[in-house]
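**Student:** The structure's right below; bear with me while I get my questions together.
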Amino acid sequence: MAIDFVPASTQYIDCASGATIDDIFDGGGTVALWINLDADPADGASFRIMGQSDAGATVGWLLLITNQGGATSYDRAVRFRHVWSTSQNDHQVDEAQTPANGTWFHIAVSYNADAGANDPTIFINGAGQALNQIAQGSGTRTSGAAQNIQIGQANAEPMDGRLEDARMFNRALVAEEVAILAAGYRGPLGGEVLWLDMERPAVMTLATTDLLFDLSGNGNHGTPTNS
């Protein structure tokens, strides 16, 4: 059983902030999850799948599904954005690389925020994808540490669909490790600092008291919000 997010209710999972998960991409990090979309974002809008950023996306990072207004190649594109002081590090993949709505697929992003010229690697179903660069990071990398890690909304633009097995790693996974996750492996890889196995909730409708426990052992439990 996955967690089903309904955008009209602005539902999300709040994992707070903390030393083990703040600014996860400093020195190299990875986020990974399974997703199944019910619909595309509205034209010119996005679903904020996961992130540590504010409502205006002026700090930190975001993993999104984006619908670039009028651009038919990017109506359902996986996008990763890390905010820098002068120009954001902002990349996305073509819509054709994103599986159709109603299909489960695996996303992972590895990135090292130590230099603005570093590009992320976006994996879909275990395969690294060609990137469209929207902007290259420049200036100073911004910190999202004052914000909470949120899954399914990230302070704005709630998603429409289901999520499962959301993980954060304090290292950049190599392609072979991402392929293992995308093949359905459910055990630890090592380096997890947040790991919410969303397959195990004991109730059909989650309340704010129904914590999703962090299997990494770091205590970064997820709190259902607006459930």
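Chains: A, B, ... in order of the structure tokens. Residues: from 1 per chain. Ligands: from 1, in order shown.
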Report as a PyMOL selection string all protein, DNA and RNA residues lying within 12 Å of A:Leu62, evaluated on only C-alpha atoms, omitting residues in the same chain fewer than 3 positions from it.

**Tutor:** chain A and resi 23-25+31+46-59+65-66+78-83+88-92+109+111+144+147-157

**Student:** DSSP on the backbone: which residues in stretch 4-214 of chain A end up as helix (DSSP H, G or I)? Give the answer as a list in words.

**Tutor:**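 Taking stretch 4-214 of chain A and keeping helix (DSSP H, G or I) only, one gets Pro7, Ala8, Ser9, Thr72, Ser73, Tyr74, Glu95, Ala96, Gln97, Ala175, Glu176, Glu177, Val178, Ala179, Ile180, Leu181 and Ala182 of chain A.
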
**Student:** Have a look at A:Gln133, A:Asn67, A:Asn125, A:Asn36 and name the one nearest to A:Trp104; count only C-alpha atoms.

**Tutor:** A:Asn36

**Student:** Given the choices A:Thr30, A:Gly44, A:Ala145, A:Ile35, which gets closest to A:Asn112 if the distance is worked out from only C-alpha atoms?

**Tutor:**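 Nearest to A:Asn112: A:Thr30.
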
**Student:** Please determine, counting only C-alpha atoms, which residue among A:Arg167, A:Thr86, A:Ser138, A:Gln68 has the shortest atom-to-atom distance to A:Asp114.

**Tutor:**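 Looking at the shortest contact to A:Asp114, the residue is A:Ser138.
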
**Student:** Name all residues at most 12 Å from A:Ala108 (count only C-alpha atoms; drop same-chain ones fewer than 6 positions away) and give them as a PyMOL selection string.

**Tutor:** chain A and resi 29-35+49-50+63-64+78-80+120-129+165-169+172-175+177-182

**Student:** In Å, rounded to a single decimal, give me how far atom CA of A:Asn170 is from atom CA of A:Arg141.

**Tutor:**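 Rounded to one decimal, the two atoms are 17.3 Å apart.
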
**Student:** Looking only at strand (DSSP E) from DSSP on the backbone, list the matching residues of chain A as a PyMOL selection string.

**Tutor:** chain A and resi 3-5+12-14+29-37+46-52+61-66+77-82+89-92+105-111+121-124+127-128+132-135+150-151+161-169+192-196+223-225

**Student:** By how many Å are atom CA of A:Ser87 and atom CA of A:Cys15 apart?

**Tutor:**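 So the two atoms, atom CA of A:Ser87 and atom CA of A:Cys15, lie 27.5 Å apart.
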
**Student:** Using only C-alpha atoms, which protein or nucleic acid residues come within 12 Å of A:Asp4? Drop anything in the same chain fewer than 5 positions from it, and give the result as a list in words.

**Tutor:** Ser9, Thr10, Gln11, Tyr12, Ile13, Ile35, Asn36, Leu37, Asp38, Ile151, Gly152, Pro158, Met159, Asp160, Gly161, Arg162, Leu163, Glu164, Met198, Glu199, Pro201, Met204, Thr205, Leu206, Pro224 and Ser227 of chain A

**Student:** Can I get the selection written as a short mmCIF file (atom, residue, chain, number, x, y, z; two decimals), in the first residue's frame, with N, CA and C atoms?

**Tutor:**
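To be explicit, this is the file written out as again-v3.cif:
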data_model
loop_
_atom_site.label_atom_id
_atom_site.label_comp_id
_atom_site.auth_asym_id
_atom_site.auth_seq_id
_atom_site.Cartn_x
_atom_site.Cartn_y
_atom_site.Cartn_z
N SER A 9 -6.46 18.71 -1.21
CA SER A 9 -6.32 18.74 0.24
C SER A 9 -4.93 19.17 0.68
N THR A 10 -4.07 19.55 -0.25
CA THR A 10 -2.68 19.95 0.03
C THR A 10 -2.02 18.99 1.02
N GLN A 11 -2.11 17.71 0.73
CA GLN A 11 -1.56 16.69 1.61
C GLN A 11 -0.06 16.53 1.39
N TYR A 12 0.65 16.29 2.47
CA TYR A 12 2.08 16.01 2.35
C TYR A 12 2.56 15.31 3.61
N ILE A 13 3.79 14.77 3.52
CA ILE A 13 4.46 14.16 4.66
C ILE A 13 5.56 15.10 5.10
N ILE A 35 7.00 6.39 -7.75
CA ILE A 35 5.89 7.32 -7.95
C ILE A 35 4.94 6.77 -9.00
N ASN A 36 3.66 7.11 -8.84
CA ASN A 36 2.61 6.75 -9.79
C ASN A 36 1.67 7.95 -9.88
N LEU A 37 1.69 8.65 -11.00
CA LEU A 37 0.91 9.87 -11.15
C LEU A 37 -0.51 9.58 -11.62
N ASP A 38 -1.46 10.32 -11.08
CA ASP A 38 -2.85 10.23 -11.54
C ASP A 38 -3.12 11.18 -12.69
N ILE A 151 7.47 15.79 1.64
CA ILE A 151 7.25 14.83 0.56
C ILE A 151 5.79 14.94 0.12
N GLY A 152 5.58 15.20 -1.17
CA GLY A 152 4.22 15.29 -1.70
C GLY A 152 3.70 16.69 -1.86
N PRO A 158 1.01 20.94 -4.49
CA PRO A 158 0.83 19.54 -4.07
C PRO A 158 0.63 18.63 -5.27
N MET A 159 1.02 17.36 -5.10
CA MET A 159 0.99 16.41 -6.20
C MET A 159 -0.32 15.64 -6.25
N ASP A 160 -0.54 14.96 -7.36
CA ASP A 160 -1.71 14.12 -7.57
C ASP A 160 -1.22 12.74 -7.97
N GLY A 161 -1.20 11.82 -6.98
CA GLY A 161 -0.71 10.47 -7.26
C GLY A 161 -0.19 9.80 -6.01
N ARG A 162 0.57 8.74 -6.20
CA ARG A 162 1.03 7.91 -5.09
C ARG A 162 2.55 7.87 -5.04
N LEU A 163 3.07 7.74 -3.81
CA LEU A 163 4.50 7.63 -3.58
C LEU A 163 4.79 6.42 -2.70
N GLU A 164 6.00 5.89 -2.85
CA GLU A 164 6.42 4.73 -2.09
C GLU A 164 7.94 4.75 -1.92
N MET A 198 6.62 3.39 2.63
CA MET A 198 5.21 3.79 2.69
C MET A 198 4.27 2.63 2.38
N GLU A 199 4.80 1.43 2.34
CA GLU A 199 3.99 0.27 2.04
C GLU A 199 3.31 -0.29 3.29
N PRO A 201 1.68 1.40 6.19
CA PRO A 201 0.73 2.03 7.10
C PRO A 201 -0.36 1.07 7.52
N MET A 204 -6.13 3.03 6.73
CA MET A 204 -6.43 3.47 5.37
C MET A 204 -6.35 4.98 5.22
N THR A 205 -6.71 5.72 6.27
CA THR A 205 -6.65 7.18 6.24
C THR A 205 -5.70 7.63 7.34
N LEU A 206 -4.60 8.25 6.97
CA LEU A 206 -3.59 8.64 7.94
C LEU A 206 -3.96 9.94 8.61
N PRO A 224 2.11 12.72 8.61
CA PRO A 224 1.08 13.09 7.62
C PRO A 224 0.42 14.42 7.98
N SER A 227 -4.16 15.27 6.06
CA SER A 227 -4.47 13.95 5.48
C SER A 227 -5.96 13.79 5.27
#

**Student:** Find the distance between atom CA of A:Ser216 and atom CA of A:Leu196 and write it in Å to one decimal.

**Tutor:**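 Computing the Euclidean distance for atom CA of A:Ser216 and atom CA of A:Leu196 yields 8.3 Å.
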
**Student:** A:Arg186, A:Ala77, A:Asp26, A:Ala16: which is nearest A:Ile107, counting only C-alpha atoms?

**Tutor:**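 The shortest atom-to-atom distance to A:Ile107 comes from A:Ala77.
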
**Student:** At a cut-off of 7 Å, using only C-alpha atoms, what residues contact A:Thr223? Leave out same-chain residues fewer than 5 positions from it and give the result as a PyMOL selection string.

**Tutor:** chain A and resi 13-15+208+210-212
